[in-house]
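A.B. asks: Dropping in query-v2.cif, with mmCIF, C-alpha atoms.
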data_run
loop_
_atom_site.label_atom_id
_atom_site.label_comp_id
_atom_site.auth_asym_id
_atom_site.auth_seq_id
_atom_site.Cartn_x
_atom_site.Cartn_y
_atom_site.Cartn_z
CA PHE B 1 72.54 77.74 -14.08
CA ARG B 2 74.94 74.81 -13.76
CA LYS B 3 77.82 74.47 -11.34
CA ASP B 4 80.24 73.41 -14.07
CA TRP B 5 79.55 76.52 -16.12
CA LEU B 6 82.15 79.21 -15.65
CA PRO B 7 82.41 82.83 -16.68
CA GLN B 8 83.81 83.27 -20.16
CA GLY B 9 87.56 83.78 -19.86
CA LEU B 10 89.24 86.72 -18.22
CA ARG B 11 89.79 90.13 -19.63
CA TYR B 12 91.95 93.08 -18.69
CA SER B 13 90.12 96.17 -17.60
CA VAL B 14 92.12 99.28 -18.44
CA ARG B 15 89.69 101.31 -16.39
CA TYR B 16 90.69 99.68 -13.12
CA GLY B 17 94.08 98.21 -13.97
CA LEU B 18 93.15 94.70 -12.88
CA THR B 19 92.10 91.40 -14.36
CA CYS B 20 88.36 90.78 -14.15
CA PRO B 21 86.03 88.02 -15.29
CA ALA B 22 84.06 88.81 -18.39
CA LYS B 23 80.38 89.55 -17.97
CA LEU B 24 79.09 86.81 -15.69
CA GLY B 25 75.82 86.89 -17.58
CA ASP B 26 77.59 85.31 -20.56
CA TYR B 27 77.99 81.71 -19.41
CA GLN B 28 79.60 79.07 -21.55
CA LYS B 29 81.76 76.02 -21.03
CA ALA B 30 85.31 77.28 -20.49
CA SER B 31 88.54 75.34 -20.55
CA ALA B 32 90.92 75.47 -17.60
CA SER B 33 93.41 77.49 -19.59
CA THR B 34 90.95 80.29 -20.31
CA MET B 35 90.08 80.61 -16.65
CA GLN B 36 93.59 81.38 -15.42
CA PRO B 37 94.66 85.01 -14.96
CA THR B 38 97.84 86.00 -16.72
CA ALA B 39 99.50 86.79 -13.38
CA MET B 40 98.23 86.42 -9.81
CA SER B 41 98.96 89.54 -7.77
CA ALA B 42 101.26 89.08 -4.79
CA LYS B 43 99.23 91.63 -2.89
CA HIS B 44 96.29 90.72 -0.69
CA ALA B 45 92.81 92.10 -1.33
CA ILE B 46 90.60 93.72 1.31
CA LEU B 47 87.00 94.06 0.18
CA THR B 48 83.63 95.41 1.20
CA CYS B 49 80.38 96.16 -0.65
CA CYS B 50 77.95 99.06 -0.40
CA ASP B 51 75.21 101.13 -1.99
CA GLU B 52 74.65 104.89 -1.94
CA ALA B 53 73.14 104.93 1.56
CA SER B 54 76.02 102.91 3.05
CA GLY B 55 78.76 104.50 0.95
CA TRP B 56 80.13 106.43 3.90
CA ASN B 57 80.18 103.21 5.98
CA ALA B 58 82.36 101.53 3.35
CA ALA B 59 84.69 104.53 3.08
CA PHE B 60 85.00 104.77 6.87
CA LEU B 61 85.77 101.06 7.20
CA MET B 62 88.42 101.24 4.48
CA SER B 63 90.01 104.25 6.15
CA GLN B 64 90.24 102.21 9.36
CA LEU B 65 91.68 99.14 7.66
CA ARG B 66 94.25 101.18 5.73
CA GLN B 67 95.55 102.42 9.08
CA ARG B 68 95.77 98.88 10.42
CA THR B 69 97.35 97.06 7.49
CA ASP B 70 100.50 97.40 5.40
CA THR B 71 99.31 99.42 2.41
CA ARG B 72 102.32 98.19 0.42
CA SER B 73 101.06 94.60 0.52
CA CYS B 74 97.30 95.16 0.31
CA VAL B 75 94.85 96.45 -2.28
CA TYR B 76 91.53 97.85 -1.07
CA TYR B 77 88.25 97.43 -2.98
CA VAL B 78 84.67 98.61 -2.63
CA PHE B 79 82.10 96.94 -4.89
CA THR B 80 78.73 98.60 -5.51
CA ASP B 81 75.70 97.29 -7.36
CA ARG B 82 74.51 100.68 -8.65
CA ALA B 83 75.96 104.02 -9.72
CA LEU B 84 76.85 106.24 -6.77
CA SER B 85 76.66 110.00 -6.51
CA ALA B 86 79.76 111.93 -7.51
CA SER B 87 80.50 112.96 -3.92
CA THR B 88 80.15 109.43 -2.54
CA SER B 89 82.28 107.97 -5.34
CA ALA B 90 85.00 110.55 -4.73
CA MET B 91 84.99 109.84 -1.00
CA ILE B 92 85.33 106.06 -1.48
CA LYS B 93 88.09 106.48 -4.08
CA ARG B 94 90.22 108.29 -1.50
CA TYR B 95 90.48 105.01 0.40
CA ALA B 96 89.85 102.18 -2.07
CA THR B 97 89.37 101.16 -5.68
CA LEU B 98 85.69 101.53 -6.49
CA ILE B 99 84.21 98.82 -8.74
CA ARG B 100 80.75 99.29 -10.21
CA CYS B 101 79.25 95.87 -10.82
CA GLU B 102 77.89 96.70 -14.27
CA ASP B 103 81.49 97.17 -15.42
CA VAL B 104 82.36 93.62 -14.31
CA PHE B 105 79.20 91.49 -14.31
CA ASP B 106 75.50 91.74 -15.08
CA LEU B 107 73.74 91.65 -11.72
CA ASP B 108 70.33 92.41 -13.22
CA GLU B 109 70.28 88.92 -14.74
CA PHE B 110 70.49 87.32 -11.29
CA ALA B 111 68.52 89.75 -9.11
CA PRO B 112 66.31 92.04 -11.21
CA ASP B 113 64.30 94.75 -9.49
CA GLY B 114 60.60 94.23 -8.94
CA PRO B 115 57.98 95.42 -11.46
CA ASP B 116 57.40 98.52 -9.33
CA GLY B 117 61.11 99.30 -9.26
CA ALA B 118 61.61 98.04 -5.71
CA PRO B 119 65.19 96.81 -5.18
CA ASN B 120 65.63 93.04 -5.08
CA PRO B 121 66.90 92.11 -1.58
CA ALA B 122 69.09 89.39 -3.12
CA ARG B 123 71.21 91.93 -5.02
CA GLU B 124 73.58 92.54 -2.13
CA SER B 125 74.12 88.81 -1.59
CA PHE B 126 74.91 88.24 -5.26
CA LEU B 127 77.21 91.27 -5.18
CA VAL B 128 79.25 89.80 -2.32
CA LEU B 129 79.56 86.42 -4.05
CA PHE B 130 80.51 87.89 -7.42
CA ALA B 131 83.06 90.20 -5.76
CA LEU B 132 84.70 87.20 -4.08
CA GLU B 133 84.61 85.24 -7.34
CA THR B 134 86.25 88.18 -9.13
CA LEU B 135 89.03 89.00 -6.69
CA THR B 136 90.06 85.38 -6.01
CA ARG B 137 91.13 85.26 -9.67
CA ILE B 138 93.49 88.17 -9.06
CA HIS B 139 94.79 87.94 -5.48
CA SER B 140 96.12 84.96 -3.54
CA LYS B 141 94.16 85.92 -0.42
CA VAL B 142 90.99 87.98 -0.14
CA LEU B 143 89.58 89.43 3.08
CA PHE B 144 85.90 90.40 2.95
CA VAL B 145 84.59 92.62 5.76
CA ASP B 146 80.98 93.69 6.11
CA LYS B 147 80.45 97.44 5.72
CA PHE B 148 78.74 97.71 9.11
CA SER B 149 81.92 96.71 10.94
CA PHE B 150 84.25 98.78 13.12
CA ALA B 151 87.97 98.00 13.51
CA LEU B 152 89.29 98.31 17.05
CA GLY B 153 92.69 96.60 17.18
CA ASP B 154 95.79 96.31 15.06
CA GLY B 155 97.37 93.16 13.68
CA PHE B 156 95.14 92.66 10.65
CA ASP B 157 98.23 91.81 8.58
CA ALA B 158 98.64 88.70 10.75
CA LEU B 159 95.42 87.30 9.29
CA PHE B 160 97.13 86.77 5.94
CA SER B 161 99.98 84.79 7.52
CA TYR B 162 97.93 82.11 9.29
CA PRO B 163 98.41 78.63 7.78
CA PHE B 164 95.54 77.56 5.55
CA SER B 165 94.35 73.97 5.43
CA ALA B 166 90.88 74.92 4.13
CA PRO B 167 89.49 77.31 1.50
CA ALA B 168 88.66 80.00 4.07
CA ALA B 169 88.86 81.14 7.67
CA ALA B 170 85.99 82.80 9.52
CA VAL B 171 84.34 83.25 12.90
CA ARG B 172 81.39 81.08 13.78
CA HIS B 173 77.97 82.63 13.46
CA ILE B 174 76.65 83.50 16.91
CA SER B 175 73.97 80.81 16.56
CA SER B 176 76.78 78.23 16.78
CA TRP B 177 78.34 79.67 19.96
CA THR B 178 75.80 78.21 22.35
CA LEU B 179 75.89 74.85 24.06
CA ALA B 180 72.39 73.93 22.89
CA GLU B 181 72.41 71.31 20.14
CA SER B 182 69.12 72.32 18.55
CA ASP B 183 70.06 75.75 17.24
CA LYS B 184 73.65 75.44 16.05
CA ILE B 185 72.67 75.63 12.38
CA PRO B 186 69.92 78.09 11.37
CA ALA B 187 66.81 76.23 10.19
CA PRO B 188 66.50 77.74 6.68
CA PHE B 189 69.54 75.86 5.39
CA LYS B 190 70.19 73.23 8.07
CA ASP B 191 68.89 70.41 5.86
CA ARG B 192 71.41 71.31 3.13
CA MET B 193 74.46 71.12 5.41
CA PRO B 194 76.68 68.02 5.84
CA ALA B 195 75.41 65.41 8.29
CA GLY B 196 76.74 66.06 11.78
CA CYS B 197 77.75 69.66 11.08
CA GLU B 198 77.40 71.75 14.23
CA ARG B 199 78.67 75.13 13.11
CA ALA B 200 77.88 77.90 10.66
CA LEU B 201 80.28 80.62 9.59
CA SER B 202 79.50 84.31 9.80
CA PRO B 203 80.17 86.03 6.45
CA ALA B 204 80.73 89.42 8.11
CA LEU B 205 84.47 88.64 8.01
CA LEU B 206 85.69 86.02 5.57
CA LEU B 207 89.33 85.34 4.73
CA VAL B 208 89.59 83.33 1.51
CA ASP B 209 92.52 81.37 0.12
CA ALA B 210 92.14 81.91 -3.63
CA ALA B 211 93.75 78.66 -4.80
CA GLN B 212 91.57 76.39 -2.66
CA PHE B 213 88.49 78.57 -3.22
CA SER B 214 88.85 78.18 -6.99
CA GLU B 215 89.83 74.50 -6.94
CA THR B 216 86.77 73.53 -4.91
CA GLY B 217 84.39 75.70 -6.98
CA ILE B 218 82.89 77.18 -3.82
CA GLY B 219 82.16 80.55 -5.40
CA GLN B 220 80.25 79.02 -8.29
CA ALA B 221 78.42 76.65 -5.92
CA ALA B 222 77.36 79.55 -3.67
CA ILE B 223 76.03 81.52 -6.65
CA ALA B 224 74.12 78.45 -7.83
CA ASP B 225 72.64 77.86 -4.37
CA LEU B 226 71.57 81.47 -3.99
CA ARG B 227 69.94 81.43 -7.41
CA SER B 228 68.05 78.17 -6.90
CA GLU B 229 67.24 78.31 -3.19
CA GLY B 230 67.07 82.04 -2.47
CA GLY B 231 68.11 83.26 0.95
CA THR B 232 71.24 85.34 1.48
CA SER B 233 75.01 85.10 1.07
CA PHE B 234 75.00 83.77 4.65
CA SER B 235 73.07 80.63 3.71
CA ALA B 236 74.67 80.27 0.25
CA LEU B 237 78.24 80.45 1.55
CA ASN B 238 77.58 78.01 4.38
CA VAL B 239 76.05 75.47 2.02
CA ALA B 240 78.85 75.91 -0.52
CA PHE B 241 81.68 75.71 2.02
CA ALA B 242 79.98 72.65 3.55
CA ASP B 243 81.99 72.92 6.76
CA ARG B 244 85.31 73.30 4.87
CA TRP B 245 86.66 76.31 6.76
CA GLN B 246 88.94 77.07 9.68
CA GLU B 247 87.91 78.96 12.76
CA LEU B 248 89.17 82.36 13.81
CA ALA B 249 88.63 83.51 17.38
CA PRO B 250 85.51 85.62 17.87
CA ARG B 251 87.64 88.70 18.56
CA TRP B 252 87.91 89.07 14.76
CA ASN B 253 84.15 89.36 14.23
CA TRP B 254 82.35 90.12 17.46
CA PRO B 255 78.56 90.47 16.91
CA MET B 256 77.36 93.70 18.49
CA THR B 257 73.91 92.76 19.66
CA GLU B 258 72.81 94.38 22.90
CA GLN B 259 73.91 91.50 25.12
CA MET B 260 77.10 90.74 23.22
CA ALA B 261 78.16 94.38 23.36
CA ILE B 262 78.06 94.18 27.16
CA ILE B 263 79.81 90.79 27.35
CA GLY B 264 82.57 91.87 24.97
CA ALA B 265 83.15 95.29 26.51
CA MET B 266 86.19 94.19 28.55
CA ARG B 267 87.79 91.93 25.94
CA PRO B 268 90.50 92.95 23.43
CA LEU B 269 88.36 92.80 20.29
CA GLN B 270 89.86 93.35 16.85
CA LEU B 271 86.67 93.99 14.90
CA VAL B 272 83.01 94.30 15.79
CA ASN B 273 80.02 93.92 13.49
CA PHE B 274 76.82 95.82 14.20
CA LEU B 275 73.82 93.53 13.72
CA GLY B 276 70.18 94.49 13.62
CA GLY B 277 68.69 97.95 13.50
CA ARG B 278 70.57 99.50 16.42
CA LYS B 279 73.92 100.92 15.34
CA PRO B 280 76.09 103.74 16.75
CA TRP B 281 74.82 106.16 14.09
CA SER B 282 71.16 105.33 14.82
CA ASP B 283 71.33 104.81 18.58
CA ASN B 284 68.57 106.94 20.05
CA ILE B 285 68.98 105.59 23.59
CA GLY B 286 72.76 105.94 23.90
CA PHE B 287 73.42 102.23 24.27
CA PHE B 288 76.80 101.91 22.53
CA ASP B 289 80.10 103.25 23.83
CA VAL B 290 80.55 106.86 22.75
CA LYS B 291 83.93 105.99 21.20
CA TYR B 292 82.23 104.55 18.11
CA LEU B 293 80.19 107.64 17.37
CA THR B 294 83.12 109.94 18.17
CA GLU B 295 85.36 108.37 15.53
CA ILE B 296 82.55 108.14 12.96
CA THR B 297 81.60 111.78 13.50
CA ALA B 298 85.22 112.88 13.14
CA PHE B 299 85.46 111.01 9.83
CA LEU B 300 82.25 112.48 8.43
CA THR B 301 83.27 115.96 9.54
CA TYR B 302 86.61 115.56 7.77
CA GLU B 303 84.80 114.38 4.64
CA GLU B 304 82.30 117.26 4.92
CA ARG B 305 79.32 114.88 4.86
CA GLU B 306 76.84 117.30 6.41
CA GLN B 307 73.78 115.31 5.34
CA ASP B 308 75.07 112.16 7.05
CA LEU B 309 76.03 114.15 10.13
CA GLN B 310 72.53 115.60 10.30
CA MET B 311 71.07 112.10 10.03
CA ILE B 312 73.14 111.04 13.03
CA ARG B 313 72.00 114.09 15.01
CA ASN B 314 68.35 113.34 14.23
CA ASN B 315 68.63 109.65 15.16
CA GLY B 316 71.01 110.02 18.07
CA PHE B 317 70.53 110.11 21.82
CA GLN B 318 68.72 113.08 23.33
CA PRO B 319 68.85 114.05 27.04
CA HIS B 320 65.09 113.66 27.47
CA ARG B 321 65.46 109.93 26.69
CA GLU B 322 67.58 109.24 29.79
CA ARG B 323 64.81 107.39 31.64
CA ARG B 324 64.01 105.30 28.57
CA ARG B 325 67.71 104.45 28.25
CA LEU B 326 67.88 103.17 31.84
CA ARG B 327 64.77 101.04 31.38
CA PHE B 328 66.26 99.56 28.24
CA LEU B 329 69.54 98.68 29.97
CA GLU B 330 67.67 97.24 32.93
CA GLY B 331 65.72 94.92 30.66
CA TRP B 332 68.79 93.64 28.82
CA SER B 333 70.78 92.99 31.99
CA SER B 334 68.21 90.63 33.52
CA ASN B 335 69.49 87.42 31.87
CA LEU B 336 73.02 88.53 30.99
CA VAL B 337 74.80 85.90 33.10
CA GLN B 338 72.67 83.12 31.64
CA SER B 339 73.60 84.23 28.12
CA TYR B 340 77.25 84.42 29.11
CA ASP B 341 77.18 80.89 30.55
CA GLN B 342 75.88 79.55 27.25
CA ILE B 343 78.83 80.86 25.22
CA LYS B 344 81.69 80.98 27.74
CA ASP B 345 83.21 77.62 26.78
CA TYR B 346 83.26 78.62 23.13
CA ILE B 347 84.71 82.13 23.37
CA ASP B 348 87.44 80.97 25.79
CA ARG B 349 88.70 78.17 23.54
CA GLU B 350 92.36 78.24 22.55
CA ASP B 351 92.33 75.99 19.47
CA PHE B 352 91.46 78.73 16.98
CA ILE B 353 94.03 79.20 14.23
CA ASP B 354 94.97 82.56 15.76
CA GLY B 355 95.10 81.25 19.32
CA GLY B 356 92.02 82.98 20.73
CA PHE B 357 91.86 85.46 23.58
CA SER B 358 94.86 85.80 25.86
CA PRO B 359 94.38 84.30 29.36
CA ALA B 360 94.42 87.75 30.94
CA SER B 361 91.41 88.80 28.87
CA LYS B 362 89.25 85.82 29.76
CA LEU B 363 86.48 86.79 32.12
CA ASP B 364 84.39 84.72 34.48
CA LEU B 365 81.29 86.75 35.20
CA THR B 366 79.75 83.89 37.15
CA SER B 367 82.63 83.76 39.66
CA ASP B 368 82.73 87.54 39.89
CA LEU B 369 79.04 87.74 40.71
CA ALA B 370 79.30 84.91 43.24
CA ALA B 371 82.11 86.76 45.00
CA GLU B 372 80.05 89.94 45.07
CA ASP B 373 77.12 88.02 46.56
CA ASP B 374 79.38 86.67 49.32
CA GLN B 375 80.65 90.15 50.12
CA THR B 376 77.11 91.53 50.18
CA SER B 377 75.82 88.83 52.52
#
Represent the structure from my file as structure tokens, please.
C.D. replies:
Amino acid sequence: FRKDWLPQGLRYSVRYGLTCPAKLGDYQKASASTMQPTAMSAKHAILTCCDEASGWNAAFLMSQLRQRTDTRSCVYYVFTDRALSASTSAMIKRYATLIRCEDVFDLDEFAPDGPDGAPNPARESFLVLFALETLTRIHSKVLFVDKFSFALGDGFDALFSYPFSAPAAAVRHISSWTLAESDKIPAPFKDRMPAGCERALSPALLLVDAAQFSETGIGQAAIADLRSEGGTSFSALNVAFADRWQELAPRWNWPMTEQMAIIGAMRPLQLVNFLGGRKPWSDNIGFFDVKYLTEITAFLTYEEREQDLQMIRNNGFQPHRERRRLRFLEGWSSNLVQSYDQIKDYIDREDFIDGGFSPASKLDLTSDLAAEDDQTS
């Protein structure tokens, strides 16, 4: 694979009514004229990716984003790397255009399954990169949101109006929020980042300016990096962007780890991303706010997804786990203020392209606890 090789031309897909790259497995030198779509859509694209197991997550997210954006100016897409069941496909199509990757590009060439049929973990990363590469040839701006996200606020249309001076806008990865110098760039790809770079983007929400994305060849570079170096779309995109991106405030992509869920509970967050194994639909100790599960359950009930509802019941909180829940919360609260102190200066900045948190929403847990100590004594 070479960075200066491009997919062969563009073709019109009657099936989906959009312009798509030809099979990305067929690489050849292409002239600039063959790489230009006949007409760039004036509408913005909102995108996520899924498989069968996470199909309902993608449909739920798209239902949320449709309620929070102007549907007259946005087109909604869900890309999948394998055929979905009829019921899951029908559910997704009620909220977005469903694109099966084999109809657009040959993912098996880049991430074939193992000899025993085990799925290649790189498939999802390639899927995200190819989806971005596809839609940036059709839409002027593309917003990718990870399927395990939950929209809380309105104002998503404002994202498309922020001035772009870089190929993309994103929130820093949580590893770059701390004050410590040693861990700002994750070790697996730190040596491939520009000298002096002290930040990594989180790909859970990525707003891409198509013109600059294409001009700089970032999509092709990310695919090349993932193919040669391995890793994930997280490492490949950071290496390809090479620090050429603008920062959104963390309210647009708040990482919902145990500690961050507590720290962000009183802030006006726009979108949260559930990291790790603990998620509202598999929360057997009742850690997350019940509002997440309430809205998810209402959606699945409306969609008559009884199997998914049963999965949530089986993995959810049970009354006999109350003592375990309290022990868990007690353990996570022990160094909460220390964690907050490490990221406070970052999350309270005001030089993000969207302005950051409003002053009224900025919290000082350290001062609050000091005042409580004074009152107690």
A.B. asks: Translate the PyMOL selection byres ((chain B and resi 126) around 9) into a concrete residue list for this structure, as a short mmCIF file (atom, residue, chain, number, x, y, z; two decimals) with C-alpha atoms, in the frame of the given file.
C.D. replies:
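New file out_10.cif:
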data_model
loop_
_atom_site.label_atom_id
_atom_site.label_comp_id
_atom_site.auth_asym_id
_atom_site.auth_seq_id
_atom_site.Cartn_x
_atom_site.Cartn_y
_atom_site.Cartn_z
CA LEU B 107 73.74 91.65 -11.72
CA PHE B 110 70.49 87.32 -11.29
CA ALA B 111 68.52 89.75 -9.11
CA ALA B 122 69.09 89.39 -3.12
CA ARG B 123 71.21 91.93 -5.02
CA GLU B 124 73.58 92.54 -2.13
CA SER B 125 74.12 88.81 -1.59
CA LEU B 127 77.21 91.27 -5.18
CA VAL B 128 79.25 89.80 -2.32
CA LEU B 129 79.56 86.42 -4.05
CA PHE B 130 80.51 87.89 -7.42
CA ALA B 131 83.06 90.20 -5.76
CA ILE B 223 76.03 81.52 -6.65
CA LEU B 226 71.57 81.47 -3.99
CA ARG B 227 69.94 81.43 -7.41
CA THR B 232 71.24 85.34 1.48
CA SER B 233 75.01 85.10 1.07
#
A.B. asks: Kindly indicate which residue among B:Leu336, B:Ile285, B:Val142, B:Ala298 lies nearest to Gln318 (chain B), using all atoms listed in the file for the distances.
C.D. replies: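 Selected residue with least distance to Gln318 (chain B): B:Ile285.
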A.B. asks: Would you tabulate, counting all atoms listed in the file, all residues of region 270-312 of chain B that have an atom at most 9 Å from an atom of region 48-71 of chain B, showing the closest pair of atoms and their distance in Å to one decimal, sorted by chain then ascending number, as CSV?
C.D. replies:
residue,atom,partner,partner_atom,distance
B:Ile296,CA,B:Phe60,CA,7.4
B:Phe299,CA,B:Phe60,CA,6.9
B:Leu300,CA,B:Trp56,CA,7.8
B:Arg305,CA,B:Trp56,CA,8.5
B:Asp308,CA,B:Trp56,CA,8.3
A.B. asks: Selected residues, C-alpha atoms, written as a compact mmCIF listing (two decimals), in the coordinates of the input, please.
C.D. replies:
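Saved file part_8.txt follows:
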# COMPACT_ATOMS: atom_id res chain seq x y z
CA ILE B 296 82.55 108.14 12.96
CA PHE B 299 85.46 111.01 9.83
CA LEU B 300 82.25 112.48 8.43
CA ARG B 305 79.32 114.88 4.86
CA ASP B 308 75.07 112.16 7.05
A.B. asks: Just so the selection is clear, what residues does the PyMOL selection byres ((chain B and resi 185) around 8) cover here, as a list in words?
C.D. replies: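 With the shown file as input, the PyMOL selection byres ((chain B and resi 185) around 8) matches Ser175, Ser176, Ser182, Asp183, Lys184, Pro186, Ala187, Phe189, Lys190, Cys197, Glu198, Arg199 and Ala200 of chain B.
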A.B. asks: Applying 9 Å and all atoms listed in the file, which residues near Ala210 (chain B) remain after dropping the ones on its own chain fewer than 2 positions away? List them as an mmCIF file with C-alpha atoms, in the frame of the given file.
C.D. replies:
data_model
loop_
_atom_site.group_PDB
_atom_site.id
_atom_site.type_symbol
_atom_site.label_atom_id
_atom_site.label_comp_id
_atom_site.auth_asym_id
_atom_site.auth_seq_id
_atom_site.Cartn_x
_atom_site.Cartn_y
_atom_site.Cartn_z
ATOM 1 C CA LEU B 135 89.030 89.000 -6.690
ATOM 2 C CA THR B 136 90.060 85.380 -6.010
ATOM 3 C CA ARG B 137 91.130 85.260 -9.670
ATOM 4 C CA ILE B 138 93.490 88.170 -9.060
ATOM 5 C CA HIS B 139 94.790 87.940 -5.480
ATOM 6 C CA SER B 140 96.120 84.960 -3.540
ATOM 7 C CA LYS B 141 94.160 85.920 -0.420
ATOM 8 C CA VAL B 142 90.990 87.980 -0.140
ATOM 9 C CA PRO B 167 89.490 77.310 1.500
ATOM 10 C CA ALA B 168 88.660 80.000 4.070
ATOM 11 C CA VAL B 208 89.590 83.330 1.510
ATOM 12 C CA GLN B 212 91.570 76.390 -2.660
ATOM 13 C CA PHE B 213 88.490 78.570 -3.220
ATOM 14 C CA SER B 214 88.850 78.180 -6.990
ATOM 15 C CA GLU B 215 89.830 74.500 -6.940
#
A.B. asks: What does the structure give for the distance between CA of Arg172 (chain B) and CA of Leu205 (chain B), in Å to one decimal?
C.D. replies: 10.0 Å
A.B. asks: Written as a CSV table (one decimal) with C-alpha atoms, in the frame of the given file, which residues does the PyMOL selection byres ((chain B and resi 291) around 12) give for the file shown?
C.D. replies:
chain,number,residue,atom,x,y,z
B,150,PHE,CA,84.2,98.8,13.1
B,151,ALA,CA,88.0,98.0,13.5
B,152,LEU,CA,89.3,98.3,17.0
B,265,ALA,CA,83.2,95.3,26.5
B,280,PRO,CA,76.1,103.7,16.8
B,281,TRP,CA,74.8,106.2,14.1
B,286,GLY,CA,72.8,105.9,23.9
B,287,PHE,CA,73.4,102.2,24.3
B,288,PHE,CA,76.8,101.9,22.5
B,289,ASP,CA,80.1,103.2,23.8
B,290,VAL,CA,80.6,106.9,22.8
B,292,TYR,CA,82.2,104.6,18.1
B,293,LEU,CA,80.2,107.6,17.4
B,294,THR,CA,83.1,109.9,18.2
B,295,GLU,CA,85.4,108.4,15.5
B,296,ILE,CA,82.6,108.1,13.0
B,297,THR,CA,81.6,111.8,13.5
B,298,ALA,CA,85.2,112.9,13.1
A.B. asks: As a list in words, please: the residues near Asp354 (chain B) (cut-off 7 Å, only C-alpha atoms, same-chain neighbours under 2 positions excluded).
C.D. replies: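 So, after excluding close chain neighbours, the residues are Leu248, Ala249, Phe352 and Gly356 of chain B.
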A.B. asks: Write out as a PyMOL selection string which residues come within 12 Å of Gln259 (chain B) when counting only C-alpha atoms, dropping same-chain ones fewer than 2 positions away.
C.D. replies: chain B and resi 174+254-257+261-265+275+287-288+328-340+343
A.B. asks: Would you mind telling me which residue in B:Gly231, B:Pro194, B:Asn315, B:Phe156 lies nearest to Leu269 (chain B) when using only C-alpha atoms?
C.D. replies: B:Phe156
A.B. asks: Rank B:Ile46, B:Met260, B:Ala96, B:Ala211 by their smallest atom-to-atom distance to Asp157 (chain B), using all atoms listed in the file, and report the top residue only.
C.D. replies: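 Looking at the shortest contact to Asp157 (chain B), the residue is B:Ile46.
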A.B. asks: Grab the CA of Arg192 (chain B) to CA of Leu132 (chain B) distance for me, in Å with one decimal place.
C.D. replies: 21.9 Å
A.B. asks: Give me, please, the distance in Å between CA of Ala45 (chain B) and CA of Tyr76 (chain B), quoted to one decimal.
C.D. replies: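 Computed distance, CA of Ala45 (chain B) to CA of Tyr76 (chain B), equals 5.9 Å.
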A.B. asks: Would you mind telling me which residue in B:Tyr77, B:Phe234, B:Tyr302, B:Tyr346 lies nearest to Lys147 (chain B) when using all atoms listed in the file?
C.D. replies: B:Tyr77
A.B. asks: So, with all atoms listed in the file as the atoms that count, which of B:Met91, B:Ile99, B:Ala166, B:Ala158 lies closest to Glu304 (chain B)?
C.D. replies: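 Answer, going by the shortest atom-to-atom distance: B:Met91.
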A.B. asks: Between B:Phe357, B:Phe105, B:Phe79, B:Phe144, which is the closest to Arg251 (chain B) once you count only C-alpha atoms?
C.D. replies: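 Of all the options, B:Phe357 lies closest to Arg251 (chain B).
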A.B. asks: Residues near Leu98 (chain B), anyone? I mean within 8 Å using only C-alpha atoms, not counting same-chain ones fewer than 3 positions away, as a ChimeraX atom specification.
C.D. replies: /B:77-80,89,92-93
A.B. asks: Can you fill out region 61-71 of chain B with N, CA and C atoms and hand it back as a PDB file, keeping the file's coordinate frame?
C.D. replies:
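Done, and the output landed in rebuild-v9.pdb:
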ATOM      1  N   LEU B  61      85.124 102.340   6.904  1.00  0.00           N
ATOM      2  CA  LEU B  61      85.770 101.060   7.200  1.00  0.00           C
ATOM      3  C   LEU B  61      87.106 100.942   6.494  1.00  0.00           C
ATOM      4  N   MET B  62      87.156 101.325   5.216  1.00  0.00           N
ATOM      5  CA  MET B  62      88.420 101.240   4.480  1.00  0.00           C
ATOM      6  C   MET B  62      89.464 102.190   5.052  1.00  0.00           C
ATOM      7  N   SER B  63      89.044 103.341   5.527  1.00  0.00           N
ATOM      8  CA  SER B  63      90.010 104.250   6.150  1.00  0.00           C
ATOM      9  C   SER B  63      90.593 103.629   7.411  1.00  0.00           C
ATOM     10  N   GLN B  64      89.754 102.908   8.171  1.00  0.00           N
ATOM     11  CA  GLN B  64      90.240 102.210   9.360  1.00  0.00           C
ATOM     12  C   GLN B  64      91.219 101.098   9.000  1.00  0.00           C
ATOM     13  N   LEU B  65      90.850 100.290   8.011  1.00  0.00           N
ATOM     14  CA  LEU B  65      91.680  99.140   7.660  1.00  0.00           C
ATOM     15  C   LEU B  65      92.988  99.564   7.007  1.00  0.00           C
ATOM     16  N   ARG B  66      92.987 100.665   6.297  1.00  0.00           N
ATOM     17  CA  ARG B  66      94.250 101.180   5.730  1.00  0.00           C
ATOM     18  C   ARG B  66      95.220 101.564   6.843  1.00  0.00           C
ATOM     19  N   GLN B  67      94.702 102.053   7.950  1.00  0.00           N
ATOM     20  CA  GLN B  67      95.550 102.420   9.080  1.00  0.00           C
ATOM     21  C   GLN B  67      96.077 101.203   9.825  1.00  0.00           C
ATOM     22  N   ARG B  68      95.439 100.064   9.644  1.00  0.00           N
ATOM     23  CA  ARG B  68      95.770  98.880  10.420  1.00  0.00           C
ATOM     24  C   ARG B  68      96.400  97.764   9.593  1.00  0.00           C
ATOM     25  N   THR B  69      96.716  98.042   8.354  1.00  0.00           N
ATOM     26  CA  THR B  69      97.350  97.060   7.490  1.00  0.00           C
ATOM     27  C   THR B  69      98.507  97.725   6.745  1.00  0.00           C
ATOM     28  N   ASP B  70      99.369  96.903   6.191  1.00  0.00           N
ATOM     29  CA  ASP B  70     100.500  97.400   5.400  1.00  0.00           C
ATOM     30  C   ASP B  70      99.980  97.733   4.000  1.00  0.00           C
ATOM     31  N   THR B  71      99.870  99.004   3.699  1.00  0.00           N
ATOM     32  CA  THR B  71      99.310  99.420   2.410  1.00  0.00           C
ATOM     33  C   THR B  71     100.197  99.021   1.236  1.00  0.00           C
TER      34      THR B  71
END
